[in-house]
file input.txt (compact mmCIF, N, CA and C atoms)
# COMPACT_ATOMS: atom_id res chain seq x y z
N MET J 179 107.90 73.48 105.61
CA MET J 179 109.23 73.60 105.03
C MET J 179 110.18 74.19 106.07
N GLU J 180 111.41 73.80 105.94
CA GLU J 180 112.46 74.29 106.82
C GLU J 180 113.71 74.50 105.99
N VAL J 181 114.45 75.55 106.31
CA VAL J 181 115.71 75.86 105.63
C VAL J 181 116.83 75.73 106.66
N ARG J 182 117.89 75.08 106.24
CA ARG J 182 119.10 74.98 107.07
C ARG J 182 120.27 75.54 106.27
N VAL J 183 120.94 76.51 106.86
CA VAL J 183 122.09 77.15 106.22
C VAL J 183 123.34 76.76 107.00
N TYR J 184 124.35 76.31 106.28
CA TYR J 184 125.63 75.95 106.88
C TYR J 184 126.67 76.91 106.31
N LYS J 185 127.02 77.91 107.12
CA LYS J 185 127.91 78.97 106.64
C LYS J 185 129.27 78.42 106.23
N SER J 186 129.86 77.55 107.03
CA SER J 186 131.22 77.07 106.73
C SER J 186 131.25 76.26 105.43
N ALA J 187 130.21 75.53 105.13
CA ALA J 187 130.14 74.74 103.89
C ALA J 187 129.57 75.54 102.73
N LYS J 188 129.00 76.70 103.03
CA LYS J 188 128.36 77.56 102.03
C LYS J 188 127.29 76.80 101.25
N ILE J 189 126.41 76.15 102.03
CA ILE J 189 125.28 75.46 101.42
C ILE J 189 124.00 75.79 102.18
N LEU J 190 122.91 75.73 101.46
CA LEU J 190 121.57 75.88 102.01
C LEU J 190 120.81 74.61 101.69
N GLU J 191 120.16 74.05 102.70
CA GLU J 191 119.37 72.84 102.50
C GLU J 191 117.90 73.15 102.71
N LEU J 192 117.07 72.58 101.87
CA LEU J 192 115.63 72.69 101.99
C LEU J 192 115.10 71.35 102.49
N TRP J 193 114.34 71.39 103.60
CA TRP J 193 113.83 70.18 104.25
C TRP J 193 112.31 70.22 104.30
N LEU J 194 111.70 69.04 104.19
CA LEU J 194 110.27 68.88 104.37
C LEU J 194 110.04 67.61 105.18
N ASN J 195 109.39 67.74 106.34
CA ASN J 195 109.09 66.59 107.20
C ASN J 195 110.33 65.73 107.47
N ASP J 196 111.41 66.38 107.90
CA ASP J 196 112.67 65.70 108.22
C ASP J 196 113.30 64.97 107.04
N LYS J 197 112.96 65.38 105.83
CA LYS J 197 113.55 64.79 104.63
C LYS J 197 114.22 65.90 103.82
N LEU J 198 115.48 65.68 103.48
CA LEU J 198 116.22 66.64 102.66
C LEU J 198 115.67 66.63 101.24
N ILE J 199 115.22 67.79 100.78
CA ILE J 199 114.64 67.93 99.44
C ILE J 199 115.70 68.36 98.42
N GLN J 200 116.49 69.37 98.79
CA GLN J 200 117.44 69.94 97.83
C GLN J 200 118.55 70.67 98.58
N THR J 201 119.72 70.75 97.97
CA THR J 201 120.86 71.50 98.50
C THR J 201 121.27 72.54 97.45
N TYR J 202 121.59 73.73 97.94
CA TYR J 202 121.95 74.84 97.04
C TYR J 202 123.27 75.48 97.49
N PRO J 203 124.10 75.92 96.55
CA PRO J 203 125.29 76.71 96.91
C PRO J 203 124.85 78.13 97.29
N ILE J 204 125.59 78.74 98.20
CA ILE J 204 125.26 80.10 98.65
C ILE J 204 126.52 80.93 98.82
N GLY J 205 126.32 82.22 98.93
CA GLY J 205 127.33 83.15 99.40
C GLY J 205 126.83 83.74 100.71
N ILE J 206 127.75 84.06 101.60
CA ILE J 206 127.38 84.63 102.90
C ILE J 206 128.13 85.93 103.11
N GLY J 207 128.00 86.50 104.30
CA GLY J 207 128.70 87.74 104.61
C GLY J 207 130.19 87.65 104.36
N LYS J 208 130.78 88.75 103.93
CA LYS J 208 132.21 88.79 103.59
C LYS J 208 133.06 88.35 104.78
N GLU J 209 132.66 88.74 105.99
CA GLU J 209 133.31 88.24 107.21
C GLU J 209 132.64 86.91 107.53
N GLU J 210 133.24 85.82 107.12
CA GLU J 210 132.57 84.52 107.12
C GLU J 210 132.38 83.91 108.50
N PHE J 211 133.19 84.28 109.47
CA PHE J 211 133.14 83.61 110.77
C PHE J 211 132.52 84.50 111.84
N GLY J 212 131.72 83.88 112.67
CA GLY J 212 131.12 84.59 113.79
C GLY J 212 129.71 85.07 113.49
N HIS J 213 129.00 85.32 114.57
CA HIS J 213 127.61 85.78 114.53
C HIS J 213 127.55 87.30 114.31
N LYS J 214 126.56 87.76 113.61
CA LYS J 214 126.37 89.18 113.40
C LYS J 214 126.24 89.89 114.75
N MET J 215 127.00 90.95 114.94
CA MET J 215 126.99 91.68 116.21
C MET J 215 126.47 93.11 116.05
N PHE J 216 126.77 93.75 114.91
CA PHE J 216 126.35 95.13 114.71
C PHE J 216 126.22 95.44 113.23
N GLU J 217 125.47 96.48 112.93
CA GLU J 217 125.27 96.94 111.56
C GLU J 217 126.61 97.20 110.90
N GLY J 218 126.81 96.66 109.70
CA GLY J 218 128.02 96.92 108.94
C GLY J 218 129.18 95.99 109.23
N ASP J 219 128.99 94.96 110.07
CA ASP J 219 130.11 94.07 110.39
C ASP J 219 130.35 93.00 109.32
N LEU J 220 129.50 92.97 108.28
CA LEU J 220 129.63 92.06 107.14
C LEU J 220 129.51 90.58 107.53
N ARG J 221 128.83 90.32 108.66
CA ARG J 221 128.62 88.94 109.11
C ARG J 221 127.16 88.52 108.89
N THR J 222 126.99 87.24 108.62
CA THR J 222 125.66 86.63 108.54
C THR J 222 125.31 86.12 109.93
N PRO J 223 124.10 86.41 110.42
CA PRO J 223 123.74 85.94 111.76
C PRO J 223 123.70 84.42 111.83
N GLU J 224 123.72 83.91 113.05
CA GLU J 224 123.59 82.48 113.32
C GLU J 224 122.47 82.30 114.33
N GLY J 225 121.64 81.31 114.11
CA GLY J 225 120.53 81.06 115.03
C GLY J 225 119.29 80.62 114.29
N GLN J 226 118.17 80.72 114.99
CA GLN J 226 116.87 80.29 114.45
C GLN J 226 116.05 81.53 114.11
N TYR J 227 115.62 81.61 112.86
CA TYR J 227 114.86 82.75 112.37
C TYR J 227 113.64 82.25 111.60
N LYS J 228 112.79 83.19 111.22
CA LYS J 228 111.63 82.88 110.40
C LYS J 228 111.57 83.85 109.24
N ILE J 229 110.96 83.40 108.16
CA ILE J 229 110.74 84.29 107.03
C ILE J 229 109.61 85.24 107.43
N CYS J 230 109.88 86.54 107.36
CA CYS J 230 108.89 87.52 107.81
C CYS J 230 108.41 88.43 106.69
N VAL J 231 109.05 88.37 105.52
CA VAL J 231 108.62 89.21 104.41
C VAL J 231 109.09 88.57 103.09
N LYS J 232 108.27 88.72 102.06
CA LYS J 232 108.63 88.30 100.71
C LYS J 232 108.66 89.56 99.85
N ASN J 233 109.78 89.78 99.18
CA ASN J 233 109.95 90.99 98.38
C ASN J 233 110.12 90.62 96.90
N PRO J 234 109.07 90.81 96.09
CA PRO J 234 109.18 90.48 94.67
C PRO J 234 109.92 91.53 93.86
N LYS J 235 110.22 92.68 94.46
CA LYS J 235 110.88 93.77 93.74
C LYS J 235 112.28 94.05 94.28
N SER J 236 112.93 93.05 94.80
CA SER J 236 114.27 93.18 95.36
C SER J 236 115.27 93.60 94.29
N LYS J 237 116.23 94.42 94.66
CA LYS J 237 117.30 94.75 93.72
C LYS J 237 118.22 93.56 93.49
N PHE J 238 118.01 92.50 94.27
CA PHE J 238 118.77 91.26 94.11
C PHE J 238 117.88 90.15 93.56
N HIS J 239 117.01 90.49 92.64
CA HIS J 239 116.10 89.60 91.91
C HIS J 239 114.84 89.34 92.73
N LEU J 240 114.87 88.45 93.69
CA LEU J 240 113.78 88.19 94.64
C LEU J 240 114.42 88.05 96.01
N SER J 241 113.63 88.30 97.07
CA SER J 241 114.22 88.12 98.39
C SER J 241 113.19 87.71 99.42
N LEU J 242 113.68 86.98 100.42
CA LEU J 242 112.90 86.52 101.55
C LEU J 242 113.57 87.06 102.82
N GLY J 243 112.88 87.97 103.51
CA GLY J 243 113.46 88.61 104.68
C GLY J 243 113.33 87.76 105.93
N LEU J 244 114.37 87.77 106.75
CA LEU J 244 114.39 87.03 108.01
C LEU J 244 114.11 87.95 109.19
N ASN J 245 113.56 87.39 110.26
CA ASN J 245 113.24 88.19 111.44
C ASN J 245 114.45 88.37 112.36
N TYR J 246 115.58 88.72 111.75
CA TYR J 246 116.77 89.13 112.51
C TYR J 246 116.65 90.61 112.78
N PRO J 247 116.90 91.06 113.99
CA PRO J 247 117.31 90.33 115.18
C PRO J 247 116.13 89.62 115.86
N ASN J 248 116.42 88.39 116.34
CA ASN J 248 115.39 87.67 117.07
C ASN J 248 115.47 88.01 118.56
N GLU J 249 114.67 87.36 119.38
CA GLU J 249 114.64 87.67 120.81
C GLU J 249 115.99 87.41 121.47
N GLN J 250 116.66 86.31 121.10
CA GLN J 250 117.98 86.00 121.67
C GLN J 250 118.99 87.07 121.30
N ASP J 251 118.97 87.50 120.03
CA ASP J 251 119.89 88.54 119.59
C ASP J 251 119.68 89.82 120.41
N ALA J 252 118.40 90.17 120.62
CA ALA J 252 118.08 91.38 121.37
C ALA J 252 118.52 91.27 122.83
N ARG J 253 118.24 90.14 123.47
CA ARG J 253 118.64 89.96 124.89
C ARG J 253 120.15 90.09 125.06
N LYS J 254 120.89 89.41 124.18
CA LYS J 254 122.36 89.45 124.27
C LYS J 254 122.89 90.86 124.01
N ALA J 255 122.36 91.50 122.98
CA ALA J 255 122.82 92.85 122.65
C ALA J 255 122.49 93.84 123.77
N PHE J 256 121.33 93.71 124.38
CA PHE J 256 120.96 94.61 125.48
C PHE J 256 121.86 94.36 126.69
N LYS J 257 122.08 93.09 127.02
CA LYS J 257 122.94 92.74 128.15
C LYS J 257 124.35 93.28 127.96
N GLU J 258 124.81 93.28 126.70
CA GLU J 258 126.17 93.76 126.38
C GLU J 258 126.19 95.26 126.06
N ALA J 259 125.07 95.94 126.25
CA ALA J 259 124.95 97.39 126.02
C ALA J 259 125.22 97.79 124.57
N ARG J 260 124.87 96.91 123.63
CA ARG J 260 125.02 97.24 122.21
C ARG J 260 123.75 97.85 121.64
N ILE J 261 122.64 97.73 122.37
CA ILE J 261 121.39 98.42 122.00
C ILE J 261 120.79 99.05 123.25
N SER J 262 119.98 100.06 123.01
CA SER J 262 119.31 100.76 124.12
C SER J 262 118.12 99.95 124.61
N GLU J 263 117.58 100.37 125.74
CA GLU J 263 116.38 99.73 126.26
C GLU J 263 115.21 99.94 125.30
N ASP J 264 115.13 101.12 124.68
CA ASP J 264 114.07 101.38 123.70
C ASP J 264 114.18 100.43 122.51
N ASP J 265 115.40 100.25 121.98
CA ASP J 265 115.60 99.31 120.86
C ASP J 265 115.20 97.90 121.29
N TYR J 266 115.64 97.50 122.47
CA TYR J 266 115.32 96.17 122.99
C TYR J 266 113.80 95.98 123.06
N ASN J 267 113.11 96.96 123.64
CA ASN J 267 111.66 96.86 123.78
C ASN J 267 110.96 96.82 122.42
N CYS J 268 111.43 97.58 121.47
CA CYS J 268 110.83 97.57 120.12
C CYS J 268 110.99 96.21 119.45
N ILE J 269 112.19 95.62 119.57
CA ILE J 269 112.44 94.30 118.99
C ILE J 269 111.54 93.25 119.65
N MET J 270 111.51 93.25 120.97
CA MET J 270 110.73 92.26 121.70
C MET J 270 109.24 92.43 121.42
N ASP J 271 108.77 93.66 121.34
CA ASP J 271 107.36 93.92 121.07
C ASP J 271 106.96 93.41 119.68
N ALA J 272 107.82 93.64 118.70
CA ALA J 272 107.55 93.15 117.34
C ALA J 272 107.42 91.63 117.33
N HIS J 273 108.30 90.95 118.03
CA HIS J 273 108.23 89.48 118.07
C HIS J 273 106.98 89.00 118.80
N ARG J 274 106.60 89.68 119.87
CA ARG J 274 105.37 89.30 120.59
C ARG J 274 104.15 89.43 119.69
N LYS J 275 104.17 90.42 118.81
CA LYS J 275 103.05 90.66 117.90
C LYS J 275 103.14 89.80 116.63
N GLY J 276 104.22 89.04 116.48
CA GLY J 276 104.40 88.22 115.28
C GLY J 276 104.81 89.04 114.06
N GLU J 277 105.39 90.20 114.29
CA GLU J 277 105.82 91.09 113.20
C GLU J 277 107.33 90.98 113.00
N GLY J 278 107.79 91.47 111.88
CA GLY J 278 109.22 91.58 111.67
C GLY J 278 109.79 92.62 112.61
N PRO J 279 111.00 92.40 113.12
CA PRO J 279 111.60 93.35 114.06
C PRO J 279 112.09 94.61 113.33
N PRO J 280 112.34 95.68 114.07
CA PRO J 280 112.93 96.86 113.44
C PRO J 280 114.33 96.51 112.92
N TRP J 281 114.65 97.01 111.74
CA TRP J 281 115.93 96.71 111.12
C TRP J 281 116.90 97.89 111.18
N ASN J 282 116.56 98.89 111.97
CA ASN J 282 117.39 100.09 112.02
C ASN J 282 118.06 100.28 113.37
N THR J 283 118.34 99.19 114.08
CA THR J 283 119.03 99.30 115.37
C THR J 283 120.53 99.11 115.16
N PRO J 284 121.35 99.40 116.17
CA PRO J 284 122.80 99.23 116.02
C PRO J 284 123.24 97.80 115.72
N ILE J 285 122.40 96.79 115.98
CA ILE J 285 122.81 95.41 115.68
C ILE J 285 122.40 94.99 114.27
N GLY J 286 121.82 95.90 113.52
CA GLY J 286 121.53 95.65 112.11
C GLY J 286 120.20 94.96 111.89
N GLY J 287 119.97 94.64 110.65
CA GLY J 287 118.73 94.00 110.23
C GLY J 287 118.71 93.87 108.72
N ALA J 288 117.53 93.68 108.17
CA ALA J 288 117.36 93.51 106.72
C ALA J 288 118.25 92.39 106.20
N ILE J 289 118.19 91.25 106.88
CA ILE J 289 118.93 90.06 106.46
C ILE J 289 117.97 89.24 105.58
N TYR J 290 118.41 88.95 104.39
CA TYR J 290 117.57 88.27 103.40
C TYR J 290 118.25 87.03 102.83
N LEU J 291 117.43 86.11 102.38
CA LEU J 291 117.83 85.13 101.38
C LEU J 291 117.50 85.83 100.07
N HIS J 292 118.48 85.99 99.18
CA HIS J 292 118.19 86.69 97.92
C HIS J 292 119.05 86.17 96.79
N GLY J 293 118.71 86.58 95.61
CA GLY J 293 119.41 86.16 94.41
C GLY J 293 120.69 86.94 94.18
N ASP J 294 121.24 86.77 92.99
CA ASP J 294 122.39 87.51 92.49
C ASP J 294 123.74 86.93 92.90
N LEU J 295 123.77 85.63 93.22
CA LEU J 295 125.06 84.98 93.46
C LEU J 295 125.91 84.99 92.19
N GLU J 296 125.25 85.12 91.05
CA GLU J 296 125.97 85.17 89.77
C GLU J 296 126.96 86.33 89.71
N SER J 297 126.64 87.45 90.36
CA SER J 297 127.50 88.63 90.22
C SER J 297 128.57 88.74 91.30
N LYS J 298 128.35 88.10 92.46
CA LYS J 298 129.30 88.23 93.57
C LYS J 298 129.06 87.07 94.53
N ASN J 299 130.14 86.49 95.08
CA ASN J 299 129.96 85.31 95.93
C ASN J 299 129.95 85.62 97.42
N TRP J 300 129.79 86.88 97.79
CA TRP J 300 129.67 87.26 99.19
C TRP J 300 128.62 88.37 99.30
N SER J 301 128.24 88.66 100.55
CA SER J 301 127.23 89.70 100.80
C SER J 301 127.67 90.55 101.98
N GLU J 302 126.82 91.48 102.34
CA GLU J 302 127.08 92.30 103.52
C GLU J 302 126.49 91.67 104.79
N GLY J 303 125.96 90.45 104.67
CA GLY J 303 125.38 89.74 105.80
C GLY J 303 124.22 88.84 105.40
N CYS J 304 123.73 89.04 104.20
CA CYS J 304 122.62 88.23 103.68
C CYS J 304 123.14 86.89 103.16
N ILE J 305 122.22 86.09 102.67
CA ILE J 305 122.55 84.80 102.07
C ILE J 305 122.20 84.90 100.58
N ARG J 306 123.23 84.87 99.74
CA ARG J 306 123.06 85.00 98.29
C ARG J 306 122.88 83.63 97.66
N MET J 307 122.00 83.59 96.66
CA MET J 307 121.73 82.36 95.92
C MET J 307 121.70 82.68 94.43
N TYR J 308 121.81 81.64 93.62
CA TYR J 308 121.61 81.84 92.19
C TYR J 308 120.15 82.20 91.95
N LYS J 309 119.91 83.00 90.91
CA LYS J 309 118.56 83.49 90.63
C LYS J 309 117.54 82.37 90.48
N GLU J 310 117.88 81.31 89.76
CA GLU J 310 116.90 80.23 89.58
C GLU J 310 116.62 79.52 90.90
N ASP J 311 117.59 79.48 91.81
CA ASP J 311 117.38 78.84 93.11
C ASP J 311 116.47 79.68 94.00
N ILE J 312 116.69 81.00 94.04
CA ILE J 312 115.81 81.84 94.87
C ILE J 312 114.40 81.88 94.28
N GLU J 313 114.29 81.75 92.97
CA GLU J 313 112.96 81.69 92.36
C GLU J 313 112.16 80.51 92.89
N TYR J 314 112.81 79.36 92.99
CA TYR J 314 112.14 78.17 93.52
C TYR J 314 111.78 78.36 94.99
N LEU J 315 112.74 78.86 95.78
CA LEU J 315 112.45 79.06 97.21
C LEU J 315 111.37 80.10 97.42
N TYR J 316 111.39 81.14 96.62
CA TYR J 316 110.39 82.21 96.74
C TYR J 316 108.98 81.64 96.53
N GLN J 317 108.84 80.75 95.57
CA GLN J 317 107.54 80.15 95.29
C GLN J 317 107.16 79.10 96.34
N THR J 318 108.16 78.43 96.90
CA THR J 318 107.93 77.29 97.79
C THR J 318 107.74 77.67 99.25
N LEU J 319 108.55 78.62 99.73
CA LEU J 319 108.52 78.97 101.15
C LEU J 319 107.39 79.95 101.46
N LYS J 320 106.93 79.89 102.70
CA LYS J 320 105.84 80.76 103.16
C LYS J 320 106.32 81.61 104.33
N LEU J 321 105.61 82.69 104.57
CA LEU J 321 105.89 83.49 105.75
C LEU J 321 105.77 82.59 106.97
N GLY J 322 106.71 82.70 107.88
CA GLY J 322 106.71 81.89 109.09
C GLY J 322 107.55 80.62 108.99
N ASP J 323 107.95 80.23 107.77
CA ASP J 323 108.82 79.05 107.65
C ASP J 323 110.15 79.33 108.36
N GLU J 324 110.68 78.29 108.98
CA GLU J 324 111.88 78.46 109.80
C GLU J 324 113.17 78.35 108.98
N VAL J 325 114.13 79.17 109.40
CA VAL J 325 115.45 79.19 108.80
C VAL J 325 116.48 79.06 109.93
N PHE J 326 117.23 77.98 109.91
CA PHE J 326 118.28 77.74 110.91
C PHE J 326 119.61 78.05 110.25
N ILE J 327 120.40 78.93 110.86
CA ILE J 327 121.69 79.29 110.32
C ILE J 327 122.76 78.81 111.29
N PHE J 328 123.60 77.91 110.79
CA PHE J 328 124.67 77.30 111.59
C PHE J 328 126.02 77.86 111.18
N PRO J 329 127.00 77.84 112.10
CA PRO J 329 128.35 78.32 111.75
C PRO J 329 128.94 77.59 110.56

call {"tool": "encode", "arguments": {"input": "input.txt", "output": "structure tokens"}}
result
Amino acid sequence: MEVRVYKSAKILELWLNDKLIQTYPIGIGKEEFGHKMFEGDLRTPEGQYKICVKNPKSKFHLSLGLNYPNEQDARKAFKEARISEDDYNCIMDAHRKGEGPPWNTPIGGAIYLHGDLESKNWSEGCIRMYKEDIEYLYQTLKLGDEVFIFP
């Protein structure tokens, strides 16, 4: 399975073997344009991520955590002096081990696909979906499935 998110269209597509299975409406970060740069910027990241955690007890119904920041995010942030060398090394080490990266660095983390689009059509950087839609994705997607987020 593969997920493709199109921020400008506010849609999420579910793909299997290069075939579009379903399209869902979504909400994204309140700051709709641009890639996530730091904690609290209200932006949804852009790039290639993987599902690294499934949370059945989310305060937003159900949630699927993404491995943001990825290696590219860490390299760029380190080059631009937005994270320390220690933060950079921790992020890169987690990815080498196939683990979720630390979510407490200055570039943020804890980016999820989650429910509760019914109550609000934007997020602080996550991707919001209707509860019945996240229920289906939660059952269908597996750890390691890819999520591509486009502008």

call {"tool": "residues_around", "arguments": {"input": "input.txt", "residues": "J:Lys185", "least_positions_apart": "6", "cutoff": "10 Å", "atoms": "only C-alpha atoms", "output": "PyMOL selection string"}}
result
chain J and resi 204-207+210-212+222-224+305+327-329

call {"tool": "axis_aligned_box", "arguments": {"input": "input.txt", "around": "stretch 240-250 of chain J", "padding_each_side": "3 Å", "output": "AutoDock Vina command-line options"}}
result
--center_x 115.9 --center_y 88.5 --center_z 107.7 --size_x 12.1 --size_y 11.1 --size_z 34.0

call {"tool": "closest_residue", "arguments": {"input": "input.txt", "among": "J:Thr283, J:Ala288, J:Pro203, J:Lys275", "to": "J:Asn245", "atoms": "only N, CA and C atoms"}}
result
J:Ala288

call {"tool": "atom_distance", "arguments": {"input": "input.txt", "atom1": "atom N of J:Leu319", "atom2": "atom N of J:Phe238"}}
result
17.7 Å

call {"tool": "closest_residue", "arguments": {"input": "input.txt", "among": "J:Lys320, J:His292, J:Arg306, J:His273", "to": "J:Tyr246", "atoms": "only C-alpha atoms"}}
result
J:His273

call {"tool": "residues_around", "arguments": {"input": "input.txt", "residues": "stretch 255-269 of chain J", "least_positions_apart": "4", "cutoff": "8 Å", "atoms": "only N, CA and C atoms", "output": "list in words"}}
result
Met215, Phe216, Pro247, Asn248, Glu249, Gln250, Asp251, His273, Arg274, Lys275, Gly278, Pro279, Pro280, Asn282, Thr283, Pro284 and Ile285 of chain J

call {"tool": "residues_around", "arguments": {"input": "input.txt", "residues": "J:Cys230", "least_positions_apart": "5", "cutoff": "6 Å", "atoms": "all atoms listed in the file", "output": "MDAnalysis selection string"}}
result
chainID J and resid 242:245 278 321:322

call {"tool": "decode", "arguments": {"input": "input.txt", "residues": "stretch 264-323 of chain J", "atoms": "C-alpha atoms", "output": "tab-separated table (two decimals), in the first residue's frame"}}
result
chain	number	residue	atom	x	y	z
J	264	ASP	CA	23.48	15.84	18.48
J	265	ASP	CA	19.90	16.18	17.15
J	266	TYR	CA	21.13	15.38	13.64
J	267	ASN	CA	22.97	12.28	14.83
J	268	CYS	CA	19.97	11.06	16.85
J	269	ILE	CA	17.64	11.43	13.85
J	270	MET	CA	20.05	9.71	11.47
J	271	ASP	CA	20.77	6.91	13.95
J	272	ALA	CA	17.05	6.20	14.40
J	273	HIS	CA	16.58	5.93	10.64
J	274	ARG	CA	19.60	3.62	10.29
J	275	LYS	CA	18.05	1.36	12.92
J	276	GLY	CA	14.63	1.47	11.23
J	277	GLU	CA	13.09	3.26	14.22
J	278	GLY	CA	10.93	6.33	14.41
J	279	PRO	CA	13.02	9.50	14.75
J	280	PRO	CA	13.03	11.66	17.88
J	281	TRP	CA	10.07	14.02	17.83
J	282	ASN	CA	11.43	16.54	20.33
J	283	THR	CA	13.92	18.43	18.16
J	284	PRO	CA	13.55	22.08	17.05
J	285	ILE	CA	12.21	20.93	13.64
J	286	GLY	CA	9.29	19.17	15.30
J	287	GLY	CA	7.81	15.73	15.01
J	288	ALA	CA	4.77	13.68	15.99
J	289	ILE	CA	3.21	14.11	12.55
J	290	TYR	CA	0.23	11.78	12.19
J	291	LEU	CA	-2.54	10.77	9.89
J	292	HIS	CA	-5.43	10.95	12.36
J	293	GLY	CA	-9.15	11.32	12.74
J	294	ASP	CA	-11.34	14.18	13.94
J	295	LEU	CA	-11.78	16.14	10.70
J	296	GLU	CA	-15.40	16.40	11.87
J	297	SER	CA	-14.45	18.91	14.57
J	298	LYS	CA	-11.90	21.09	12.73
J	299	ASN	CA	-10.65	21.28	9.13
J	300	TRP	CA	-7.03	22.14	9.95
J	301	SER	CA	-4.27	20.83	12.21
J	302	GLU	CA	-1.00	21.92	13.76
J	303	GLY	CA	0.87	19.98	11.04
J	304	CYS	CA	-0.80	16.58	10.94
J	305	ILE	CA	-3.19	15.24	8.32
J	306	ARG	CA	-6.78	15.11	9.61
J	307	MET	CA	-9.34	12.69	8.23
J	308	TYR	CA	-12.91	11.76	8.99
J	309	LYS	CA	-13.16	9.09	11.69
J	310	GLU	CA	-14.57	6.41	9.39
J	311	ASP	CA	-11.78	7.08	6.87
J	312	ILE	CA	-8.95	6.78	9.41
J	313	GLU	CA	-10.60	3.61	10.72
J	314	TYR	CA	-10.24	2.03	7.28
J	315	LEU	CA	-6.65	3.23	6.83
J	316	TYR	CA	-5.73	2.11	10.34
J	317	GLN	CA	-6.90	-1.42	9.54
J	318	THR	CA	-5.43	-1.44	6.02
J	319	LEU	CA	-2.01	0.19	6.35
J	320	LYS	CA	1.02	-1.46	7.94
J	321	LEU	CA	4.14	-0.17	9.61
J	322	GLY	CA	6.61	0.73	6.88
J	323	ASP	CA	3.98	1.64	4.27
